Each structure stands twice: as structure tokens, then as C-alpha cells.
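J.: This is upload-v7.cif (mmCIF, C-alpha atoms).
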```cif
data_structure
#
loop_
_atom_site.label_atom_id
_atom_site.label_comp_id
_atom_site.auth_asym_id
_atom_site.auth_seq_id
_atom_site.Cartn_x
_atom_site.Cartn_y
_atom_site.Cartn_z
CA MET A 246 0.00 0.00 0.00
CA ILE A 247 2.86 2.36 0.80
CA ASN A 248 3.87 3.37 -2.72
CA ARG A 249 6.62 5.62 -3.96
CA GLU A 250 4.38 8.66 -4.19
CA LEU A 251 3.71 8.44 -0.47
CA ILE A 252 7.38 7.67 0.25
CA ARG A 253 8.48 10.81 -1.62
CA ILE A 254 5.95 12.92 0.28
CA LYS A 255 7.22 11.61 3.61
CA ILE A 256 10.87 12.14 2.65
CA VAL A 257 10.17 15.76 1.70
CA GLN A 258 8.49 16.30 5.07
CA LEU A 259 11.12 14.48 7.12
CA THR A 260 14.10 16.03 5.30
CA TYR A 261 12.72 19.50 5.88
CA ALA A 262 12.11 18.63 9.55
CA TYR A 263 15.63 17.18 9.85
CA TYR A 264 17.20 20.51 8.91
CA GLN A 265 14.84 22.46 11.16
CA ASN A 266 15.72 20.21 14.10
CA GLY A 267 18.83 21.25 16.01
CA ASN A 268 19.63 17.65 16.97
CA ARG A 269 20.51 16.12 13.59
CA ASN A 270 20.68 12.41 14.28
CA LEU A 271 20.33 10.50 11.02
CA ASP A 272 19.52 7.15 12.61
CA ASN A 273 16.71 8.68 14.63
CA ALA A 274 15.45 10.57 11.59
CA GLU A 275 15.36 7.35 9.58
CA LYS A 276 13.38 5.62 12.32
CA GLU A 277 10.97 8.56 12.28
CA LEU A 278 10.57 8.18 8.51
CA LEU A 279 9.73 4.49 8.72
CA PHE A 280 7.40 5.09 11.67
CA SER A 281 5.64 7.82 9.72
CA LEU A 282 5.15 5.44 6.79
CA SER A 283 3.82 2.74 9.12
CA LYS A 284 1.26 5.23 10.45
CA ALA A 285 -0.07 5.60 6.89
CA TYR A 286 -0.78 1.87 6.91
CA ASP A 287 -2.55 2.29 10.26
CA LEU A 288 -4.75 4.89 8.58
CA TYR A 289 -5.57 2.49 5.73
CA ASN A 290 -6.80 -0.11 8.22
CA LEU A 291 -8.63 2.49 10.32
CA LEU A 292 -10.57 3.75 7.29
CA LEU A 293 -11.57 0.21 6.35
CA LEU A 294 -12.65 -0.30 9.96
CA LEU A 295 -14.83 2.82 9.62
CA ILE A 296 -17.09 0.87 7.25
CA VAL A 297 -17.44 -1.83 9.90
CA ALA A 298 -18.13 0.74 12.65
CA ILE A 299 -20.84 2.43 10.60
CA THR A 300 -22.45 -0.94 9.85
CA ASN A 301 -22.44 -1.85 13.56
CA GLU A 302 -24.06 1.45 14.51
CA GLU A 303 -26.66 0.99 11.77
CA ARG A 304 -27.34 -2.48 13.17
CA HIS A 305 -27.98 -0.91 16.58
CA ARG A 306 -30.31 1.68 15.05
CA ILE A 307 -32.23 -1.01 13.19
CA GLU A 308 -32.70 -3.00 16.41
CA ILE A 309 -34.13 0.07 18.14
CA GLY A 310 -36.37 0.75 15.14
CA GLN A 311 -37.62 -2.84 15.13
CA GLN A 312 -38.50 -2.69 18.85
CA ARG A 313 -40.38 0.57 18.35
CA ALA A 314 -42.25 -0.81 15.33
CA ARG A 315 -43.33 -3.89 17.27
CA ARG A 316 -44.59 -1.75 20.16
CA GLU A 317 -46.49 0.56 17.86
CA GLY A 318 -47.61 -2.07 15.37
CA THR A 319 -45.97 -0.31 12.43
CA ALA A 320 -43.78 -1.59 9.60
CA GLU A 321 -40.31 -2.61 10.66
CA PRO A 322 -37.31 -0.83 9.05
CA SER A 323 -35.43 -2.52 6.21
CA THR A 324 -32.40 -4.56 7.21
CA LYS A 325 -30.93 -4.46 3.71
CA PHE A 326 -28.13 -2.05 4.61
CA VAL A 327 -26.95 -3.97 7.68
CA ASP A 328 -27.18 -7.23 5.73
CA ASN A 329 -24.88 -5.78 3.06
CA LYS A 330 -22.75 -8.72 1.91
CA PHE A 331 -19.61 -6.68 1.24
CA ALA A 332 -19.72 -4.98 4.67
CA LEU A 333 -20.26 -8.32 6.42
CA GLN A 334 -17.33 -9.84 4.51
CA LEU A 335 -15.12 -6.91 5.52
CA GLU A 336 -16.26 -7.21 9.14
CA ASN A 337 -15.12 -10.84 9.18
CA ASN A 338 -11.91 -10.23 7.23
CA LYS A 339 -9.00 -11.97 8.93
CA MET A 340 -6.30 -9.53 7.81
CA LEU A 341 -8.31 -6.54 9.01
CA ARG A 342 -9.11 -8.18 12.34
CA ASP A 343 -5.47 -9.08 12.91
CA SER A 344 -4.26 -5.59 11.96
CA VAL A 345 -6.87 -3.85 14.11
CA GLU A 346 -5.88 -5.97 17.09
CA ALA A 347 -2.14 -5.50 16.54
CA MET A 348 -2.42 -1.74 15.98
CA LYS A 349 -5.10 -1.30 18.68
CA LEU A 350 -7.36 0.58 16.26
CA SER A 351 -10.94 1.45 17.17
CA TRP A 352 -13.75 3.94 16.58
CA ALA A 353 -15.24 3.31 20.05
CA ASP A 354 -14.19 6.75 21.34
CA ASN A 355 -15.78 8.51 18.37
CA ILE A 356 -19.34 7.25 18.60
CA GLU A 357 -20.89 10.70 18.01
CA PHE A 358 -18.94 10.99 14.77
CA ILE A 359 -20.10 7.50 13.72
CA ARG A 360 -23.72 8.46 14.43
CA LYS A 361 -23.29 11.61 12.37
CA MET A 362 -21.92 9.54 9.48
CA CYS A 363 -24.90 7.18 9.74
CA ALA A 364 -27.26 10.16 9.52
CA LEU A 365 -25.45 11.51 6.45
CA ILE A 366 -25.65 8.12 4.75
CA GLU A 367 -29.34 7.61 5.57
CA GLU A 368 -30.15 11.07 4.18
CA SER A 369 -28.27 10.46 0.94
CA GLU A 370 -29.66 9.62 -2.46
CA ILE A 371 -27.20 6.72 -2.62
CA TYR A 372 -28.83 5.11 0.42
CA ARG A 373 -32.39 5.72 -0.78
CA GLU A 374 -31.70 4.18 -4.19
CA TYR A 375 -30.00 1.19 -2.59
CA ILE A 376 -32.83 0.46 -0.14
CA GLU A 377 -35.48 0.80 -2.87
CA SER A 378 -33.59 -1.34 -5.41
CA ASP A 379 -34.56 -4.97 -5.98
CA ASP A 380 -30.93 -5.80 -6.79
CA ASP A 381 -29.61 -7.89 -3.90
CA SER A 382 -26.39 -9.01 -5.61
CA TYR A 383 -22.97 -8.89 -4.04
CA GLU A 384 -21.90 -6.48 -6.79
CA ALA A 385 -24.65 -4.02 -5.82
CA ASP A 386 -23.69 -4.32 -2.14
CA ARG A 387 -20.04 -3.62 -2.91
CA GLU A 388 -20.88 -0.76 -5.28
CA VAL A 389 -23.05 1.09 -2.74
CA TRP A 390 -20.12 1.16 -0.31
CA ARG A 391 -17.76 2.33 -3.02
CA ARG A 392 -20.13 5.23 -3.74
CA ILE A 393 -20.66 6.01 -0.05
CA TYR A 394 -16.93 6.10 0.53
CA LYS A 395 -16.22 8.27 -2.49
CA GLN A 396 -19.04 10.76 -2.00
CA ILE A 397 -19.55 10.90 1.78
CA ILE A 398 -16.38 9.65 3.49
CA GLN A 399 -13.58 10.73 1.15
CA GLU A 400 -14.44 14.44 1.20
CA ASN A 401 -15.55 14.92 4.79
CA ASP A 402 -14.24 17.85 6.81
CA ASP A 403 -15.34 16.37 10.14
CA LEU A 404 -13.41 13.18 9.40
CA ASP A 405 -10.34 15.16 8.35
CA SER A 406 -10.42 17.14 11.61
CA LEU A 407 -10.92 14.01 13.70
CA LEU A 408 -8.02 12.21 12.03
CA GLU A 409 -5.78 15.24 12.53
CA GLU A 410 -6.61 15.15 16.25
CA ARG A 411 -5.85 11.43 16.44
CA SER A 412 -2.46 11.64 14.72
CA LEU A 413 -0.32 14.45 13.36
CA TYR A 414 1.17 11.92 10.93
CA TRP A 415 -2.08 11.75 9.00
CA ASN A 416 -2.24 15.41 7.94
CA ASP A 417 -1.13 14.72 4.37
CA ASP A 418 -1.80 10.99 4.12
CA LYS A 419 -5.53 10.72 3.66
CA ASP A 420 -5.76 11.76 -0.01
CA VAL A 421 -3.31 9.02 -0.98
CA VAL A 422 -4.72 6.42 1.43
CA ASP A 423 -8.28 7.07 0.19
CA THR A 424 -7.27 5.80 -3.25
CA PHE A 425 -6.07 2.54 -1.71
CA VAL A 426 -9.24 2.06 0.32
CA LEU A 427 -11.30 2.47 -2.85
CA LYS A 428 -9.01 0.08 -4.68
CA THR A 429 -9.49 -2.46 -1.87
CA ILE A 430 -13.28 -2.19 -2.01
CA ARG A 431 -13.21 -2.77 -5.75
CA ARG A 432 -10.99 -5.87 -5.37
CA PHE A 433 -13.22 -7.69 -2.89
CA GLU A 434 -14.74 -10.92 -4.21
CA PRO A 435 -17.35 -13.05 -2.39
CA LYS A 436 -15.49 -16.30 -3.15
CA ASN A 437 -12.60 -15.14 -0.95
CA ALA A 438 -14.84 -14.84 2.13
CA SER A 439 -12.87 -13.90 5.27
CA ARG A 440 -9.57 -14.69 3.53
CA GLN A 441 -9.83 -11.80 1.09
CA GLU A 442 -6.39 -10.19 0.95
CA LEU A 443 -6.02 -6.56 1.85
CA LEU A 444 -3.14 -4.50 0.51
CA PRO A 445 0.18 -5.28 2.24
CA GLU A 446 2.08 -2.53 4.02
CA TYR A 447 4.71 -2.54 1.26
CA LYS A 448 4.35 -4.07 -2.18
CA ASP A 449 7.80 -5.58 -1.72
CA GLU A 450 11.03 -5.06 0.18
CA GLU A 451 12.34 -2.96 -2.71
CA ASP A 452 9.96 -0.11 -1.88
CA ARG A 453 10.99 -0.17 1.78
CA GLU A 454 14.64 0.01 0.73
CA PHE A 455 13.77 2.80 -1.70
CA ALA A 456 12.65 4.88 1.29
CA ARG A 457 15.78 4.12 3.32
CA LYS A 458 18.27 4.66 0.50
CA LEU A 459 16.69 7.84 -0.81
CA PHE A 460 16.51 9.46 2.63
CA ARG A 461 20.07 8.53 3.57
CA ALA A 462 21.49 9.63 0.21
CA THR A 463 19.69 12.97 0.52
CA ILE A 464 21.15 13.73 3.96
CA LEU A 465 24.62 12.23 3.62
CA ASN A 466 25.38 13.90 0.27
CA ALA A 467 23.70 17.25 0.93
CA ASP A 468 26.81 19.39 0.39
CA THR A 469 27.68 17.59 -2.85
CA TYR A 470 24.15 17.94 -4.23
CA GLN A 471 23.96 21.61 -3.38
CA ARG A 472 27.29 22.12 -5.15
CA TYR A 473 25.78 20.46 -8.24
CA MET A 474 22.90 22.92 -8.03
CA SER A 475 25.35 25.83 -8.02
CA GLU A 476 27.47 24.42 -10.85
CA ALA A 477 24.46 23.83 -13.08
CA SER A 478 22.79 27.14 -12.36
CA ARG A 479 25.39 29.86 -12.07
CA ASN A 480 22.88 32.54 -12.98
CA TRP A 481 20.51 31.67 -10.15
CA ASP A 482 20.61 33.46 -6.79
CA PHE A 483 20.20 30.69 -4.22
CA SER A 484 19.75 33.19 -1.41
CA ARG A 485 16.36 34.08 -2.92
CA LEU A 486 15.16 30.47 -3.06
CA ALA A 487 12.46 29.17 -0.75
CA TYR A 488 14.19 26.74 1.58
CA MET A 489 11.69 24.02 0.67
CA ASP A 490 12.73 24.39 -2.99
CA VAL A 491 16.32 23.56 -2.07
CA VAL A 492 15.19 20.53 -0.05
CA ILE A 493 13.02 19.23 -2.89
CA MET A 494 15.79 19.62 -5.47
CA GLN A 495 18.27 17.95 -3.13
CA ILE A 496 15.99 14.90 -2.84
CA ALA A 497 15.40 14.84 -6.60
CA ILE A 498 19.16 14.82 -7.27
CA ALA A 499 19.55 11.99 -4.74
CA GLU A 500 16.93 9.97 -6.60
CA MET A 501 18.48 10.64 -10.00
CA LEU A 502 21.92 9.53 -8.83
CA THR A 503 20.92 6.64 -6.54
CA PHE A 504 18.34 4.78 -8.63
CA PRO A 505 19.56 4.04 -12.18
CA ASN A 506 16.28 2.41 -13.24
CA ILE A 507 14.11 5.46 -12.63
CA PRO A 508 14.03 7.71 -15.72
CA VAL A 509 15.18 11.28 -15.19
CA SER A 510 11.91 12.64 -16.57
CA VAL A 511 9.89 10.63 -14.04
CA THR A 512 11.97 11.99 -11.15
CA ILE A 513 11.65 15.57 -12.38
CA ASN A 514 7.90 15.26 -12.82
CA GLU A 515 7.37 13.77 -9.35
CA TYR A 516 9.26 16.55 -7.57
CA VAL A 517 7.71 19.32 -9.64
CA GLU A 518 4.33 18.08 -8.38
CA LEU A 519 5.60 18.03 -4.79
CA ALA A 520 6.92 21.59 -5.19
CA LYS A 521 3.46 22.72 -6.24
CA LEU A 522 2.06 21.08 -3.12
CA TYR A 523 4.62 22.12 -0.51
CA SER A 524 6.36 25.27 -1.72
CA THR A 525 5.48 28.57 -3.35
CA PHE A 526 3.10 29.27 -6.21
CA LYS A 527 5.96 29.62 -8.72
CA SER A 528 8.08 26.76 -7.43
CA GLY A 529 6.80 24.10 -9.81
CA GLY A 530 7.95 25.86 -12.97
CA TYR A 531 11.18 27.02 -11.40
CA ILE A 532 12.15 23.56 -10.11
CA ASN A 533 11.24 21.98 -13.44
CA GLY A 534 13.77 24.20 -15.23
CA MET A 535 16.40 23.84 -12.53
CA LEU A 536 16.25 20.04 -12.36
CA ASP A 537 16.41 19.80 -16.14
CA ASN A 538 19.59 21.91 -16.13
CA ILE A 539 21.07 19.94 -13.23
CA ALA A 540 20.37 16.59 -14.86
CA ARG A 541 22.01 17.66 -18.12
CA HIS A 542 25.01 18.98 -16.18
CA LEU A 543 25.40 15.69 -14.29
CA ILE A 544 25.31 13.69 -17.51
CA LYS A 545 27.68 16.05 -19.30
CA THR A 546 30.22 15.90 -16.47
CA GLY A 547 29.96 12.11 -16.20
CA LYS A 548 28.45 12.12 -12.74
CA MET A 549 25.24 10.41 -13.88
CA MET A 550 25.07 7.47 -16.27
CA LYS A 551 21.58 8.05 -17.63
CA THR A 552 20.31 9.35 -20.93
CA MET A 553 18.65 12.73 -20.73
CA ASN A 554 15.74 12.74 -23.14
CA ASP A 555 13.70 15.76 -23.97
CA HIS A 556 10.50 15.56 -21.99
CA ARG A 557 8.73 14.76 -25.27
CA GLU A 558 10.31 11.30 -25.38
CA ALA A 559 9.18 10.39 -21.89
CA LYS A 560 5.70 11.72 -22.45
CA GLY A 561 2.61 10.39 -24.12
CA GLU A 562 1.00 11.82 -27.22
CA GLU A 563 -0.53 14.61 -25.14
CA GLY A 564 2.89 15.60 -23.78
CA GLU A 565 2.42 14.25 -20.28
CA THR A 566 5.24 12.75 -18.27
CA ARG A 567 4.74 9.12 -17.32
CA ASN A 568 5.15 7.78 -13.81
CA GLU A 569 6.97 4.58 -12.90
CA GLU A 570 3.93 2.47 -13.74
CA GLY A 571 3.63 4.05 -17.15
CA PHE A 572 0.63 6.25 -16.40
CA SER A 573 0.53 9.98 -17.02
CA ARG A 574 -0.49 12.29 -14.20
CA ASN A 575 -3.85 12.95 -15.87
CA GLU A 576 -4.39 9.23 -16.46
CA GLU A 577 -3.61 8.57 -12.82
CA ARG A 578 -6.11 11.18 -11.74
CA GLY A 579 -8.64 9.57 -14.06
CA ARG A 580 -8.04 6.17 -12.48
CA ARG A 581 -8.53 7.70 -9.04
CA ASN A 582 -11.73 9.39 -10.13
CA GLU A 583 -13.03 6.10 -11.49
CA ASP A 584 -12.29 4.57 -8.09
#
```
What do you get writing this file as C-alpha cells?
T.:
Amino acid sequence: MINRELIRIKIVQLTYAYYQNGNRNLDNAEKELLFSLSKAYDLYNLLLLLIVAITNEERHRIEIGQQRARREGTAEPSTKFVDNKFALQLENNKMLRDSVEAMKLSWADNIEFIRKMCALIEESEIYREYIESDDDSYEADREVWRRIYKQIIQENDDLDSLLEERSLYWNDDKDVVDTFVLKTIRRFEPKNASRQELLPEYKDEEDREFARKLFRATILNADTYQRYMSEASRNWDFSRLAYMDVVIMQIAIAEMLTFPNIPVSVTINEYVELAKLYSTFKSGGYINGMLDNIARHLIKTGKMMKTMNDHREAKGEEGETRNEEGFSRNEERGRRNED
């Protein structure tokens, strides 16, 4: 689940914090990085558990409604939502249960928030259409939760505030983690029952090592990388740079020099996007030009054994840079929107 996009985000944050911290202990900083990444996986499991918590609260509400209906002799409320086959499968999922127990995750202290979420769901058009539909298939049950998550849970200010209170590590994680929760919902199959696999913390050991190596290279070679910046950009006044811009370029140079299999254009594109997110309004365009110059300088001086293509060669027909999985930024956004 922890992919390289999230790793790069965390390294930008932790590198900036490392230089702001007077006690610069690299080993401790690396432990903080890995702990921060592990907290993102906690969030993934907590958000899946939210579906279970909402279902349990709905079950309680249905029981109260049934008792009232029997006393008053009125029609009992529909149990379709609490009998949702996807939600029941998730509730019984072995990986989720094990993770929740190991991480000590719970929504028990946030019952008012859970009740508020139930009210939002019950008032939604998604819920009304689902209850009124005659479709009782597993696919319909899974799809209603995908829609609920995307339209009610994913963009929810109360949830964002609550998560920020629970952990400072989650401030910038939720947007990325949301995509993995949606991906998980879509991958569920009834035949897998309680043994349905959730996403692992890391796809493989290579991604974990990517985080370690990139962070260490960034810190240990800082002076060298900043010299490369100066050599490649003699006309730039570094004293006028936002400090975050320097940090982002330093990490980008570390990635270009440490990982021979990652194309230069991919690295540049990734850190341009991070500059837009974490630095000034003009940083994206500035860093794009700077990193292009730096990469060409490194190749020309023999410090980097990569080919430096024009961005056109690493882009699709619409001129978009591809990520490591071969998707353009716009394609990736499209895939997320489809989720």
C-alpha cells in the first residue's frame, strides 16, 4: 500500500524537519521516517474499519427501530443495509481483524462521529436508491459502499479534523490512502470470504529500501548535491530560493543519482508536483527548469550514467510525463476518479 508517491511525500516532510531540528541524528530521523510510513498503513486499516463501525451502529439503530415498530404495530425498518454482503465480509476479514488488534485501532471513542456519518448516509440519495432497489447481488452491495466512501467519506471535513486530532502523521496521508481504500473495495470478491487479501504494508522489500536509501542519500550527500545545483545554475541566486525548494531539489538529485532504473523525466515530474504542493506558487515551474539543467550537467560531467531525453520522449502523445507504472499524471487522476 505504501507506494513511492507516499514515500516521496514523507521524505520531503522528514528532510525539511531534519534541517529544522537542532539535533541532527540520522539514525533517529530514519526511524521517524519508517514510523511515519507505518502510520499511513494504520490509517488504511482504520478507514476500512470505519465501514465496519458504521455498519455496527446501523445495526444498533435497526434493532431500536424494530422494537419501536413492534410496540407501535408499524412496519419494521429494512435490514438491507446492515445485511450488506460486502460490509459483512469486511467485518469478518481476517487480515483486518489481525491488523486492528495488533495496531489497537478502534472507533469506540468517536461514537458521536459514527452516528453523524450514519445520519449523512441515511439522508443520501445513494442510500435511498439502494434500499429501494430490488438488486440484492454482491456487486450491488459492494458498489453502494464504493459510492458512499467516495461521496460521503472521502471528502468529509469532520473526518479530516478528527483524524488530525488522532495523529499528526495523518495530515497529508488521507488523499493518498483514500485511493487505496477504494481500490481495496473494488478488489473484494465473495469467493474469498474472510480470507480476502487486503493491501500489504509494502508491495515488496524494494519499496521499503527505496525509502531508506533515498533518505540517507539525501542527507549524507547534501553538500555535494547543493554544489551540483550551483554548478548547473550559475545565474541563479540561491539566497532568494524558498528553503523548501532547495530541499526538494536535493531529494530529486539523490533519486536521479541513486536509482539508475528510474528515468530522469519521471523523477523531475514527481518533484515538480511536490513543489506545487509544498512550496510557493511559482516553485513548480522554477524547479522543473532547474532540475532539467542539473540533470544535463550531471550527464555532461559524467556524474550520472543516464540518458537525458527531452521531456517529449518520456511523455505520451498529449505531452504528459509518465510515472513509474507508465501512467501519465492525468491518467492517474482519471483512475482515481473512477475509483
J.: Pull the closest atom pair for each residue of stretch 321-340 of chain A that gets at most 12 Å from stretch 422-432 of chain A, along with the distance in Å to one decimal, counting only C-alpha atoms, ordering rows by chain and then ascending residue number, as JSON lines.
T.:
```
{"residue": "A:Phe331", "atom": "CA", "partner": "A:Ile430", "partner_atom": "CA", "distance": 8.4}
{"residue": "A:Ala332", "atom": "CA", "partner": "A:Ile430", "partner_atom": "CA", "distance": 9.7}
{"residue": "A:Gln334", "atom": "CA", "partner": "A:Ile430", "partner_atom": "CA", "distance": 10.8}
{"residue": "A:Leu335", "atom": "CA", "partner": "A:Ile430", "partner_atom": "CA", "distance": 9.1}
```
J.: Would you write out, as a list of chain:residue names, every residue that the PyMOL selection byres ((chain A and resi 356) around 12) captures in this file?
T.: A:Leu295, A:Ala298, A:Ile299, A:Asn301, A:Glu302, A:Glu303, A:Ser351, A:Trp352, A:Ala353, A:Asp354, A:Asn355, A:Glu357, A:Phe358, A:Ile359, A:Arg360, A:Lys361, A:Met362, A:Cys363, A:Leu407
J.: Have a look at A:Tyr263, A:Tyr447, A:Phe326, A:Tyr488 and name the one nearest to A:Trp390; count only C-alpha atoms.
T.: A:Phe326
J.: Residues within 12 Å of stretch 538-543 of chain A, please, as a CSV table (one decimal) with C-alpha atoms, in the frame of the given file. Count only C-alpha atoms; anything in the same chain fewer than 6 positions from it doesn't count.
T.:
```csv
chain,number,residue,atom,x,y,z
A,469,THR,CA,27.7,17.6,-2.8
A,470,TYR,CA,24.2,17.9,-4.2
A,471,GLN,CA,24.0,21.6,-3.4
A,472,ARG,CA,27.3,22.1,-5.2
A,473,TYR,CA,25.8,20.5,-8.2
A,474,MET,CA,22.9,22.9,-8.0
A,475,SER,CA,25.4,25.8,-8.0
A,476,GLU,CA,27.5,24.4,-10.8
A,477,ALA,CA,24.5,23.8,-13.1
A,478,SER,CA,22.8,27.1,-12.4
A,479,ARG,CA,25.4,29.9,-12.1
A,480,ASN,CA,22.9,32.5,-13.0
A,481,TRP,CA,20.5,31.7,-10.2
A,494,MET,CA,15.8,19.6,-5.5
A,495,GLN,CA,18.3,18.0,-3.1
A,497,ALA,CA,15.4,14.8,-6.6
A,498,ILE,CA,19.2,14.8,-7.3
A,499,ALA,CA,19.6,12.0,-4.7
A,500,GLU,CA,16.9,10.0,-6.6
A,501,MET,CA,18.5,10.6,-10.0
A,502,LEU,CA,21.9,9.5,-8.8
A,508,PRO,CA,14.0,7.7,-15.7
A,509,VAL,CA,15.2,11.3,-15.2
A,510,SER,CA,11.9,12.6,-16.6
A,512,THR,CA,12.0,12.0,-11.2
A,513,ILE,CA,11.6,15.6,-12.4
A,531,TYR,CA,11.2,27.0,-11.4
A,532,ILE,CA,12.2,23.6,-10.1
A,549,MET,CA,25.2,10.4,-13.9
A,550,MET,CA,25.1,7.5,-16.3
A,551,LYS,CA,21.6,8.0,-17.6
A,552,THR,CA,20.3,9.4,-20.9
A,553,MET,CA,18.6,12.7,-20.7
A,554,ASN,CA,15.7,12.7,-23.1
A,555,ASP,CA,13.7,15.8,-24.0
```
J.: Run through the PyMOL selection byres ((chain A and resi 416) around 12) on the given coordinates and return the selected residues as an MDAnalysis selection string.
T.: chainID A and resid 254:255 258 281 284:285 288 404:415 417:422
J.: Quick one: residues within 8 Å of stretch 368-375 of chain A, all atoms listed in the file counted, chain neighbours fewer than 6 positions away excluded, as a list of chain:residue names?
T.: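 The residues satisfying every condition are A:Val389, A:Arg392, A:Ile393.
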J.: Could you expand the PyMOL selection byres ((chain A and resi 436-439) around 9) into the explicit residues it covers here, written as a PDB file with C-alpha atoms, in the frame of the given file?
T.:
```
ATOM      1  CA  GLN A 334     -17.330  -9.840   4.510  1.00  0.00           C
ATOM      2  CA  LEU A 335     -15.120  -6.910   5.520  1.00  0.00           C
ATOM      3  CA  GLU A 336     -16.260  -7.210   9.140  1.00  0.00           C
ATOM      4  CA  ASN A 337     -15.120 -10.840   9.180  1.00  0.00           C
ATOM      5  CA  ASN A 338     -11.910 -10.230   7.230  1.00  0.00           C
ATOM      6  CA  LYS A 339      -9.000 -11.970   8.930  1.00  0.00           C
ATOM      7  CA  MET A 340      -6.300  -9.530   7.810  1.00  0.00           C
ATOM      8  CA  PHE A 433     -13.220  -7.690  -2.890  1.00  0.00           C
ATOM      9  CA  GLU A 434     -14.740 -10.920  -4.210  1.00  0.00           C
ATOM     10  CA  PRO A 435     -17.350 -13.050  -2.390  1.00  0.00           C
ATOM     11  CA  ARG A 440      -9.570 -14.690   3.530  1.00  0.00           C
ATOM     12  CA  GLN A 441      -9.830 -11.800   1.090  1.00  0.00           C
ATOM     13  CA  GLU A 442      -6.390 -10.190   0.950  1.00  0.00           C
TER      14      GLU A 442
END
```
J.: May I ask for the distance between atom CA of A:Glu367 and atom CA of A:Asn329, given in Å to one decimal place?
T.: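 Rounded to one decimal, the two atoms are 14.3 Å apart.
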J.: Any idea what the distance is between atom CA of A:Glu450 and atom CA of A:Asp343?
T.: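 Separation of atom CA of A:Glu450 and atom CA of A:Asp343: 21.2 Å.
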J.: Measure the distance from atom CA of A:Ala347 to atom CA of A:Asp287 in Å and round it to one decimal.
T.: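 Computing it gives 10.0 Å between the two atoms.
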J.: Find the residue from A:Phe504, A:Arg342, A:Asn514, A:Gly310 that sits nearest to A:Ala462; use only C-alpha atoms when measuring.
T.: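 The answer is A:Phe504, which sits nearest to A:Ala462.
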J.: Between A:Asp328, A:Glu346, A:Glu277, A:Glu518, which is the closest to A:Asp381 once you count all atoms listed in the file?
T.: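 Looking at the shortest contact to A:Asp381, the residue is A:Asp328.
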J.: Tell me, as a VMD selection string, which residues lie within 7 Å of stretch 526-529 of chain A, counting all atoms listed in the file; anything in the same chain fewer than 6 positions away does not count.
T.: chain A and resid 490 517 to 518 520
